[in-house]
Amino acid sequence: MSRALPKYNKRRVTFIGGAAAVALSGTVIAGFALAGEGSKSDGTSARTLAGPGTITCPDVRSKLPAVPASAKAEVDRNLTLLNTQIQEANKRLVDTVGQGGPNFVQNAILGPLKDKRVATVNRIATAIGRTAAKPQGLDSLAACTLNGAGTNAGGGAAGKPQAGGNAGNAGNAGNAGNAGNAGNAGNGGGAAGTITCPDVRSKLPAVPASAKAEVDRNLTLLNTQIQEANKRLVDTVGQGGPNFVQNAILGPLKDKRVATVNRIATAIGRTAAKPQGLDSLAACTLTK
């Protein structure tokens with residue numbers, strides 16, 4: 001009996017130790033399970049935050065005055081185009097997640113979208129203005145924002161659209177070519193190359209005295225736009241993919257110039273024959 005008791009106690013101790021080991025193992029396993037679950041939850045959250053976000057724009061339709069019957073078809077067509085532009089920009093936002101530098105979304109998506117919208121809302125205003133009072137200030141509705149962006153939305157900060165301006169884009173014609181002048185100052189040249197644009201001044205008819213100040217102001221703006229584009233070309237060397245220059249510099253420049261030459265044509269057309277086809281001088285080119 002005296003020898004059996006220690007043996008019994010030994011087994012009992014072994015059993016208790018085993019139970020303790022199992023209990024300890026259970027705690028560790030539970031700890032791993034909780035850690036794994038936390039990681040899974042964090043991973044889901046990270047994946048959600050990494051989404052490209054959504055582009056939203058001010059509503060134009062609700063800001064319009066009564067639309068004359070004669071302008072309704074053109075206005076409706078351009079309102080539909082505004083929606084299409086937003087859809088295309090949102091698709092591009094998804095397709096280009098992770099591309100470019102910190103300002104990619106602003107430069108390659110929001111900026112060009114604003115320019116297109118400026119041109120479109122000005123066509124709407126012009127259509128209404130033919131038979132009624134032309135609505136003013138619609139181009140203040142042009143700028144759109146990026147909402148709910150994740151950490152990977154074009155390299156920008158989470159949820160923050162990059163500020164930037166593509167202002168000065170009133171005008172109507174739709175984004176087809178950009179008249180312009182030469183004026184390629186502001187470019188460092190070198191690896192960046194140089195942006196050159198067709199000359200607008202030499203293609204103008206006689207400018208009425210009443211339009212001269214406005215025309216000269218917009219011709220100067222065309223030069224400024226080229227200078228800014230050339231500076232940007234230098235500042236962004238090496239950024240983005242193979243289409244970066246076209247999407248982020250030449251495209252927005254073209255849209256700005258379309259709006260500007262249409263303002264020139266409109267100014268002349270108030271007291272003389274409105275020049276046609278200036279936007280055929282449109283697109284600028286990159287010369288290495």
# chains A, B, ... in the order shown; residues from 1 in each chain; ligands from 1
>>> residues_around(residues="Thr271 of chain A", least_positions_apart="2", cutoff="12 Å", atoms="only C-alpha atoms", output="list in words")
Ala206, Val207, Pro208, Ala209, Ser210, Ala211, Lys212, Ala265, Thr266, Ala267, Ile268, Gly269, Ala273, Lys274 and Pro275 of chain A
>>> write_last_selection(atoms="all heavy atoms", output="mmCIF file, in the first residue's frame")
data_model
loop_
_atom_site.group_PDB
_atom_site.id
_atom_site.type_symbol
_atom_site.label_atom_id
_atom_site.label_comp_id
_atom_site.auth_asym_id
_atom_site.auth_seq_id
_atom_site.Cartn_x
_atom_site.Cartn_y
_atom_site.Cartn_z
ATOM 1 N N ALA A 206 -9.934 90.257 -88.372
ATOM 2 C CA ALA A 206 -9.811 91.582 -87.751
ATOM 3 C C ALA A 206 -10.638 91.602 -86.468
ATOM 4 O O ALA A 206 -11.797 91.172 -86.455
ATOM 5 C CB ALA A 206 -10.321 92.655 -88.716
ATOM 6 N N VAL A 207 -10.025 92.084 -85.414
ATOM 7 C CA VAL A 207 -10.704 92.090 -84.106
ATOM 8 C C VAL A 207 -11.367 93.445 -83.891
ATOM 9 O O VAL A 207 -10.693 94.490 -83.920
ATOM 10 C CB VAL A 207 -9.690 91.816 -82.974
ATOM 11 C CG1 VAL A 207 -10.382 91.888 -81.606
ATOM 12 C CG2 VAL A 207 -9.026 90.458 -83.166
ATOM 13 N N PRO A 208 -12.691 93.475 -83.672
ATOM 14 C CA PRO A 208 -13.374 94.755 -83.417
ATOM 15 C C PRO A 208 -12.786 95.442 -82.176
ATOM 16 O O PRO A 208 -12.346 94.767 -81.229
ATOM 17 C CB PRO A 208 -14.832 94.330 -83.164
ATOM 18 C CG PRO A 208 -14.948 92.972 -83.783
ATOM 19 C CD PRO A 208 -13.611 92.331 -83.649
ATOM 20 N N ALA A 209 -12.790 96.745 -82.184
ATOM 21 C CA ALA A 209 -12.233 97.492 -81.059
ATOM 22 C C ALA A 209 -12.913 97.122 -79.745
ATOM 23 O O ALA A 209 -12.273 97.050 -78.689
ATOM 24 C CB ALA A 209 -12.382 98.995 -81.324
ATOM 25 N N SER A 210 -14.220 96.856 -79.810
ATOM 26 C CA SER A 210 -14.971 96.531 -78.594
ATOM 27 C C SER A 210 -14.545 95.186 -77.994
ATOM 28 O O SER A 210 -14.793 94.925 -76.815
ATOM 29 C CB SER A 210 -16.474 96.493 -78.900
ATOM 30 O OG SER A 210 -16.741 95.516 -79.904
ATOM 31 N N ALA A 211 -13.904 94.348 -78.815
ATOM 32 C CA ALA A 211 -13.517 93.014 -78.339
ATOM 33 C C ALA A 211 -12.033 92.908 -78.053
ATOM 34 O O ALA A 211 -11.561 91.894 -77.515
ATOM 35 C CB ALA A 211 -13.902 91.954 -79.383
ATOM 36 N N LYS A 212 -11.277 93.965 -78.392
ATOM 37 C CA LYS A 212 -9.825 93.858 -78.353
ATOM 38 C C LYS A 212 -9.278 93.519 -76.966
ATOM 39 O O LYS A 212 -8.412 92.656 -76.814
ATOM 40 C CB LYS A 212 -9.182 95.168 -78.850
ATOM 41 C CG LYS A 212 -7.669 95.050 -79.035
ATOM 42 C CD LYS A 212 -7.095 96.316 -79.646
ATOM 43 C CE LYS A 212 -5.612 96.146 -79.944
ATOM 44 N NZ LYS A 212 -4.828 95.731 -78.769
ATOM 45 N N ALA A 265 -13.527 83.647 -79.653
ATOM 46 C CA ALA A 265 -14.493 83.632 -80.758
ATOM 47 C C ALA A 265 -15.789 84.316 -80.353
ATOM 48 O O ALA A 265 -16.389 85.075 -81.133
ATOM 49 C CB ALA A 265 -14.751 82.195 -81.203
ATOM 50 N N THR A 266 -16.234 84.074 -79.133
ATOM 51 C CA THR A 266 -17.474 84.692 -78.649
ATOM 52 C C THR A 266 -17.331 86.205 -78.549
ATOM 53 O O THR A 266 -18.241 86.963 -78.919
ATOM 54 C CB THR A 266 -17.853 84.106 -77.278
ATOM 55 O OG1 THR A 266 -18.072 82.689 -77.414
ATOM 56 C CG2 THR A 266 -19.113 84.753 -76.734
ATOM 57 N N ALA A 267 -16.174 86.662 -78.067
ATOM 58 C CA ALA A 267 -15.956 88.112 -77.932
ATOM 59 C C ALA A 267 -16.013 88.793 -79.296
ATOM 60 O O ALA A 267 -16.644 89.849 -79.464
ATOM 61 C CB ALA A 267 -14.602 88.366 -77.267
ATOM 62 N N ILE A 268 -15.366 88.190 -80.287
ATOM 63 C CA ILE A 268 -15.389 88.765 -81.642
ATOM 64 C C ILE A 268 -16.796 88.718 -82.218
ATOM 65 O O ILE A 268 -17.270 89.663 -82.866
ATOM 66 C CB ILE A 268 -14.388 88.019 -82.560
ATOM 67 C CG1 ILE A 268 -12.955 88.248 -82.066
ATOM 68 C CG2 ILE A 268 -14.552 88.452 -84.012
ATOM 69 C CD1 ILE A 268 -11.907 87.412 -82.783
ATOM 70 N N GLY A 269 -17.482 87.592 -81.958
ATOM 71 C CA GLY A 269 -18.807 87.376 -82.540
ATOM 72 C C GLY A 269 -19.886 88.295 -82.038
ATOM 73 O O GLY A 269 -20.980 88.354 -82.615
ATOM 74 N N ALA A 273 -18.521 88.944 -87.471
ATOM 75 C CA ALA A 273 -18.719 87.524 -87.757
ATOM 76 C C ALA A 273 -17.876 86.686 -86.802
ATOM 77 O O ALA A 273 -16.673 86.916 -86.649
ATOM 78 C CB ALA A 273 -18.324 87.235 -89.202
ATOM 79 N N LYS A 274 -18.517 85.721 -86.173
ATOM 80 C CA LYS A 274 -17.804 84.880 -85.205
ATOM 81 C C LYS A 274 -16.870 83.921 -85.946
ATOM 82 O O LYS A 274 -17.297 83.183 -86.833
ATOM 83 C CB LYS A 274 -18.815 84.083 -84.379
ATOM 84 C CG LYS A 274 -18.185 83.213 -83.315
ATOM 85 C CD LYS A 274 -19.262 82.511 -82.484
ATOM 86 C CE LYS A 274 -18.638 81.633 -81.418
ATOM 87 N NZ LYS A 274 -19.668 80.962 -80.569
ATOM 88 N N PRO A 275 -15.601 83.949 -85.642
ATOM 89 C CA PRO A 275 -14.673 83.034 -86.335
ATOM 90 C C PRO A 275 -14.992 81.579 -86.006
ATOM 91 O O PRO A 275 -15.302 81.242 -84.863
ATOM 92 C CB PRO A 275 -13.299 83.446 -85.788
ATOM 93 C CG PRO A 275 -13.572 84.155 -84.508
ATOM 94 C CD PRO A 275 -14.917 84.794 -84.643
#
>>> residues_around(residues="segment 117-132 of chain A", least_positions_apart="5", cutoff="10 Å", atoms="only C-alpha atoms", output="MDAnalysis selection string")
chainID A and resid 57 60:61 64:79 81:83 85:86 111:112 137:144 166:175 255:256 258:260 262
>>> write_last_selection(atoms="C-alpha atoms", output="PDB file, in the first residue's frame")
ATOM      1  CA  CYS A  57     -19.759  66.610 -58.557  1.00  0.00           C
ATOM      2  CA  VAL A  60     -26.076  71.301 -62.493  1.00  0.00           C
ATOM      3  CA  ARG A  61     -29.669  70.540 -63.465  1.00  0.00           C
ATOM      4  CA  LEU A  64     -30.601  75.950 -64.123  1.00  0.00           C
ATOM      5  CA  PRO A  65     -33.299  78.535 -64.760  1.00  0.00           C
ATOM      6  CA  ALA A  66     -36.307  77.668 -66.889  1.00  0.00           C
ATOM      7  CA  VAL A  67     -34.994  76.163 -70.118  1.00  0.00           C
ATOM      8  CA  PRO A  68     -36.557  77.528 -73.334  1.00  0.00           C
ATOM      9  CA  ALA A  69     -38.143  74.863 -75.523  1.00  0.00           C
ATOM     10  CA  SER A  70     -35.719  75.728 -78.312  1.00  0.00           C
ATOM     11  CA  ALA A  71     -32.761  74.889 -76.075  1.00  0.00           C
ATOM     12  CA  LYS A  72     -34.164  71.834 -74.309  1.00  0.00           C
ATOM     13  CA  ALA A  73     -32.656  69.165 -76.576  1.00  0.00           C
ATOM     14  CA  GLU A  74     -29.178  70.687 -76.415  1.00  0.00           C
ATOM     15  CA  VAL A  75     -29.360  71.247 -72.672  1.00  0.00           C
ATOM     16  CA  ASP A  76     -30.560  67.678 -72.037  1.00  0.00           C
ATOM     17  CA  ARG A  77     -27.792  66.312 -74.238  1.00  0.00           C
ATOM     18  CA  ASN A  78     -25.160  68.181 -72.262  1.00  0.00           C
ATOM     19  CA  LEU A  79     -26.662  67.233 -68.902  1.00  0.00           C
ATOM     20  CA  LEU A  81     -22.820  64.249 -71.036  1.00  0.00           C
ATOM     21  CA  LEU A  82     -22.039  65.592 -67.554  1.00  0.00           C
ATOM     22  CA  ASN A  83     -23.200  62.285 -66.073  1.00  0.00           C
ATOM     23  CA  GLN A  85     -18.074  62.320 -67.753  1.00  0.00           C
ATOM     24  CA  ILE A  86     -18.454  61.462 -64.057  1.00  0.00           C
ATOM     25  CA  GLY A 111      -8.376  68.243 -63.299  1.00  0.00           C
ATOM     26  CA  PRO A 112      -9.348  66.984 -66.767  1.00  0.00           C
ATOM     27  CA  GLY A 137     -21.630  81.300 -62.838  1.00  0.00           C
ATOM     28  CA  LEU A 138     -22.420  77.741 -63.861  1.00  0.00           C
ATOM     29  CA  ASP A 139     -18.716  77.009 -64.171  1.00  0.00           C
ATOM     30  CA  SER A 140     -18.498  77.347 -60.378  1.00  0.00           C
ATOM     31  CA  LEU A 141     -20.185  73.915 -60.354  1.00  0.00           C
ATOM     32  CA  ALA A 142     -17.406  72.369 -62.405  1.00  0.00           C
ATOM     33  CA  ALA A 143     -14.982  71.223 -59.722  1.00  0.00           C
ATOM     34  CA  CYS A 144     -15.554  67.702 -58.393  1.00  0.00           C
ATOM     35  CA  ASN A 166      -7.663  73.955 -63.489  1.00  0.00           C
ATOM     36  CA  ALA A 167      -9.515  77.170 -63.307  1.00  0.00           C
ATOM     37  CA  GLY A 168      -9.985  79.556 -66.125  1.00  0.00           C
ATOM     38  CA  ASN A 169     -11.887  77.148 -68.271  1.00  0.00           C
ATOM     39  CA  ALA A 170     -15.032  78.861 -69.216  1.00  0.00           C
ATOM     40  CA  GLY A 171     -16.020  78.306 -72.782  1.00  0.00           C
ATOM     41  CA  ASN A 172     -18.287  76.031 -74.620  1.00  0.00           C
ATOM     42  CA  ALA A 173     -16.937  73.941 -77.396  1.00  0.00           C
ATOM     43  CA  GLY A 174     -16.497  70.392 -76.429  1.00  0.00           C
ATOM     44  CA  ASN A 175     -12.995  69.140 -75.854  1.00  0.00           C
ATOM     45  CA  ASP A 255      -9.289  71.489 -72.506  1.00  0.00           C
ATOM     46  CA  LYS A 256      -8.170  74.831 -71.080  1.00  0.00           C
ATOM     47  CA  VAL A 258     -10.523  75.032 -76.061  1.00  0.00           C
ATOM     48  CA  ALA A 259     -12.356  77.077 -73.458  1.00  0.00           C
ATOM     49  CA  THR A 260     -10.055  80.054 -74.000  1.00  0.00           C
ATOM     50  CA  ASN A 262     -14.037  79.856 -77.579  1.00  0.00           C
TER      51      ASN A 262
END
>>> closest_residue(among="A:Pro198, A:Gly277, A:Pro205, A:Gly53", to="Asp95 of chain A", atoms="only C-alpha atoms")
A:Gly53
>>> atom_distance(atom1="atom CA of Val94 of chain A", atom2="atom CA of Thr56 of chain A")
14.2 Å
>>> residues_around(residues="segment 237-253 of chain A", least_positions_apart="2", cutoff="7 Å", atoms="only C-alpha atoms", output="ChimeraX atom specification")
/A:99-101,107-108,111-112,115,192,225,229,233-235,255-257,284
>>> write_last_selection(atoms="N, CA and C atoms", output="PDB file, in the first residue's frame")
ATOM      1  N   GLN A  99      -1.418  54.128 -59.404  1.00  0.00           N
ATOM      2  CA  GLN A  99      -0.540  54.731 -60.415  1.00  0.00           C
ATOM      3  C   GLN A  99      -0.140  56.152 -60.016  1.00  0.00           C
ATOM      4  N   GLY A 100       0.987  56.582 -60.533  1.00  0.00           N
ATOM      5  CA  GLY A 100       1.408  57.972 -60.411  1.00  0.00           C
ATOM      6  C   GLY A 100       1.852  58.355 -59.020  1.00  0.00           C
ATOM      7  N   GLY A 101       2.117  59.635 -58.857  1.00  0.00           N
ATOM      8  CA  GLY A 101       2.589  60.179 -57.596  1.00  0.00           C
ATOM      9  C   GLY A 101       1.437  60.672 -56.741  1.00  0.00           C
ATOM     10  N   ASN A 107      -4.299  65.491 -60.945  1.00  0.00           N
ATOM     11  CA  ASN A 107      -3.748  65.901 -62.233  1.00  0.00           C
ATOM     12  C   ASN A 107      -4.318  65.125 -63.411  1.00  0.00           C
ATOM     13  N   ALA A 108      -4.535  63.846 -63.221  1.00  0.00           N
ATOM     14  CA  ALA A 108      -4.912  62.997 -64.352  1.00  0.00           C
ATOM     15  C   ALA A 108      -6.402  62.703 -64.422  1.00  0.00           C
ATOM     16  N   GLY A 111      -8.655  67.050 -62.496  1.00  0.00           N
ATOM     17  CA  GLY A 111      -8.376  68.243 -63.299  1.00  0.00           C
ATOM     18  C   GLY A 111      -9.005  68.176 -64.682  1.00  0.00           C
ATOM     19  N   PRO A 112      -8.711  67.114 -65.455  1.00  0.00           N
ATOM     20  CA  PRO A 112      -9.348  66.984 -66.767  1.00  0.00           C
ATOM     21  C   PRO A 112     -10.872  66.935 -66.693  1.00  0.00           C
ATOM     22  N   ASP A 115     -12.160  70.445 -66.387  1.00  0.00           N
ATOM     23  CA  ASP A 115     -12.077  71.165 -67.659  1.00  0.00           C
ATOM     24  C   ASP A 115     -13.214  70.758 -68.595  1.00  0.00           C
ATOM     25  N   ALA A 192      12.792  66.579 -70.246  1.00  0.00           N
ATOM     26  CA  ALA A 192      11.344  66.773 -70.217  1.00  0.00           C
ATOM     27  C   ALA A 192      10.778  67.056 -71.599  1.00  0.00           C
ATOM     28  N   GLN A 225      -0.912  79.454 -70.131  1.00  0.00           N
ATOM     29  CA  GLN A 225      -1.255  78.033 -70.025  1.00  0.00           C
ATOM     30  C   GLN A 225      -0.117  77.149 -70.546  1.00  0.00           C
ATOM     31  N   ALA A 229       2.152  74.554 -68.397  1.00  0.00           N
ATOM     32  CA  ALA A 229       2.247  73.152 -68.806  1.00  0.00           C
ATOM     33  C   ALA A 229       3.704  72.729 -68.968  1.00  0.00           C
ATOM     34  N   LEU A 233       5.706  69.959 -66.899  1.00  0.00           N
ATOM     35  CA  LEU A 233       6.418  68.898 -67.604  1.00  0.00           C
ATOM     36  C   LEU A 233       7.777  68.651 -66.946  1.00  0.00           C
ATOM     37  N   VAL A 234       8.453  69.736 -66.618  1.00  0.00           N
ATOM     38  CA  VAL A 234       9.763  69.624 -65.965  1.00  0.00           C
ATOM     39  C   VAL A 234       9.623  69.078 -64.545  1.00  0.00           C
ATOM     40  N   ASP A 235       8.634  69.577 -63.807  1.00  0.00           N
ATOM     41  CA  ASP A 235       8.469  69.208 -62.403  1.00  0.00           C
ATOM     42  C   ASP A 235       8.059  67.755 -62.215  1.00  0.00           C
ATOM     43  N   ASP A 255      -7.967  71.067 -72.981  1.00  0.00           N
ATOM     44  CA  ASP A 255      -9.289  71.489 -72.506  1.00  0.00           C
ATOM     45  C   ASP A 255      -9.299  72.971 -72.128  1.00  0.00           C
ATOM     46  N   LYS A 256      -8.251  73.416 -71.462  1.00  0.00           N
ATOM     47  CA  LYS A 256      -8.170  74.831 -71.080  1.00  0.00           C
ATOM     48  C   LYS A 256      -8.144  75.719 -72.316  1.00  0.00           C
ATOM     49  N   ARG A 257      -7.375  75.292 -73.310  1.00  0.00           N
ATOM     50  CA  ARG A 257      -7.222  76.113 -74.512  1.00  0.00           C
ATOM     51  C   ARG A 257      -8.503  76.146 -75.332  1.00  0.00           C
ATOM     52  N   CYS A 284      -1.953  70.372 -78.535  1.00  0.00           N
ATOM     53  CA  CYS A 284      -0.527  70.695 -78.457  1.00  0.00           C
ATOM     54  C   CYS A 284       0.269  69.398 -78.492  1.00  0.00           C
TER      55      CYS A 284
END
>>> select_by_dssp(residues="segment 184-254 of chain A", states="helix (DSSP H, G or I)", output="count of residues only")
44
>>> closest_residue(among="A:Asp59, A:Leu113, A:Lys203, A:Ala282", to="Asn90 of chain A", atoms="only C-alpha atoms")
A:Leu113
>>> atom_distance(atom1="atom CA of Ile109 of chain A", atom2="atom CA of Thr145 of chain A")
10.4 Å
>>> atom_distance(atom1="atom CA of Thr285 of chain A", atom2="atom CA of Ala89 of chain A")
23.5 Å
>>> decode(residues="segment 250-276 of chain A", atoms="N, CA and C atoms", output="mmCIF file, in the first residue's frame")
data_model
loop_
_atom_site.group_PDB
_atom_site.id
_atom_site.type_symbol
_atom_site.label_atom_id
_atom_site.label_comp_id
_atom_site.auth_asym_id
_atom_site.auth_seq_id
_atom_site.Cartn_x
_atom_site.Cartn_y
_atom_site.Cartn_z
ATOM 1 N N LEU A 250 -0.942 67.251 -71.335
ATOM 2 C CA LEU A 250 -1.446 67.667 -72.650
ATOM 3 C C LEU A 250 -2.971 67.679 -72.701
ATOM 4 N N GLY A 251 -3.613 66.679 -72.094
ATOM 5 C CA GLY A 251 -5.083 66.636 -72.102
ATOM 6 C C GLY A 251 -5.703 67.828 -71.398
ATOM 7 N N PRO A 252 -5.314 68.081 -70.130
ATOM 8 C CA PRO A 252 -5.852 69.259 -69.448
ATOM 9 C C PRO A 252 -5.516 70.567 -70.161
ATOM 10 N N LEU A 253 -4.318 70.660 -70.736
ATOM 11 C CA LEU A 253 -3.955 71.877 -71.470
ATOM 12 C C LEU A 253 -4.893 72.080 -72.654
ATOM 13 N N LYS A 254 -5.186 71.015 -73.349
ATOM 14 C CA LYS A 254 -6.089 71.100 -74.498
ATOM 15 C C LYS A 254 -7.466 71.603 -74.068
ATOM 16 N N ASP A 255 -7.967 71.067 -72.981
ATOM 17 C CA ASP A 255 -9.289 71.489 -72.506
ATOM 18 C C ASP A 255 -9.299 72.971 -72.128
ATOM 19 N N LYS A 256 -8.251 73.416 -71.462
ATOM 20 C CA LYS A 256 -8.170 74.831 -71.080
ATOM 21 C C LYS A 256 -8.144 75.719 -72.316
ATOM 22 N N ARG A 257 -7.375 75.292 -73.310
ATOM 23 C CA ARG A 257 -7.222 76.113 -74.512
ATOM 24 C C ARG A 257 -8.503 76.146 -75.332
ATOM 25 N N VAL A 258 -9.224 75.033 -75.374
ATOM 26 C CA VAL A 258 -10.523 75.032 -76.061
ATOM 27 C C VAL A 258 -11.429 76.093 -75.455
ATOM 28 N N ALA A 259 -11.504 76.101 -74.128
ATOM 29 C CA ALA A 259 -12.356 77.077 -73.458
ATOM 30 C C ALA A 259 -11.900 78.498 -73.767
ATOM 31 N N THR A 260 -10.597 78.708 -73.785
ATOM 32 C CA THR A 260 -10.055 80.054 -74.000
ATOM 33 C C THR A 260 -10.309 80.547 -75.419
ATOM 34 N N VAL A 261 -10.060 79.710 -76.417
ATOM 35 C CA VAL A 261 -10.288 80.170 -77.798
ATOM 36 C C VAL A 261 -11.767 80.377 -78.086
ATOM 37 N N ASN A 262 -12.609 79.629 -77.389
ATOM 38 C CA ASN A 262 -14.037 79.856 -77.579
ATOM 39 C C ASN A 262 -14.477 81.174 -76.961
ATOM 40 N N ARG A 263 -13.809 81.577 -75.886
ATOM 41 C CA ARG A 263 -14.103 82.911 -75.357
ATOM 42 C C ARG A 263 -13.661 83.986 -76.346
ATOM 43 N N ILE A 264 -12.536 83.751 -77.024
ATOM 44 C CA ILE A 264 -12.060 84.700 -78.038
ATOM 45 C C ILE A 264 -13.075 84.802 -79.171
ATOM 46 N N ALA A 265 -13.527 83.647 -79.653
ATOM 47 C CA ALA A 265 -14.493 83.632 -80.758
ATOM 48 C C ALA A 265 -15.789 84.316 -80.353
ATOM 49 N N THR A 266 -16.234 84.074 -79.133
ATOM 50 C CA THR A 266 -17.474 84.692 -78.649
ATOM 51 C C THR A 266 -17.331 86.205 -78.549
ATOM 52 N N ALA A 267 -16.174 86.662 -78.067
ATOM 53 C CA ALA A 267 -15.956 88.112 -77.932
ATOM 54 C C ALA A 267 -16.013 88.793 -79.296
ATOM 55 N N ILE A 268 -15.366 88.190 -80.287
ATOM 56 C CA ILE A 268 -15.389 88.765 -81.642
ATOM 57 C C ILE A 268 -16.796 88.718 -82.218
ATOM 58 N N GLY A 269 -17.482 87.592 -81.958
ATOM 59 C CA GLY A 269 -18.807 87.376 -82.540
ATOM 60 C C GLY A 269 -19.886 88.295 -82.038
ATOM 61 N N ARG A 270 -19.623 89.025 -80.978
ATOM 62 C CA ARG A 270 -20.658 89.942 -80.464
ATOM 63 C C ARG A 270 -20.897 91.121 -81.409
ATOM 64 N N THR A 271 -19.841 91.531 -82.123
ATOM 65 C CA THR A 271 -20.002 92.701 -83.001
ATOM 66 C C THR A 271 -19.511 92.454 -84.425
ATOM 67 N N ALA A 272 -19.096 91.219 -84.709
ATOM 68 C CA ALA A 272 -18.632 90.884 -86.065
ATOM 69 C C ALA A 272 -18.902 89.409 -86.297
ATOM 70 N N ALA A 273 -18.521 88.944 -87.471
ATOM 71 C CA ALA A 273 -18.719 87.524 -87.757
ATOM 72 C C ALA A 273 -17.876 86.686 -86.802
ATOM 73 N N LYS A 274 -18.517 85.721 -86.173
ATOM 74 C CA LYS A 274 -17.804 84.880 -85.205
ATOM 75 C C LYS A 274 -16.870 83.921 -85.946
ATOM 76 N N PRO A 275 -15.601 83.949 -85.642
ATOM 77 C CA PRO A 275 -14.673 83.034 -86.335
ATOM 78 C C PRO A 275 -14.992 81.579 -86.006
ATOM 79 N N GLN A 276 -14.939 80.747 -87.014
ATOM 80 C CA GLN A 276 -15.254 79.330 -86.859
ATOM 81 C C GLN A 276 -13.976 78.485 -86.922
#
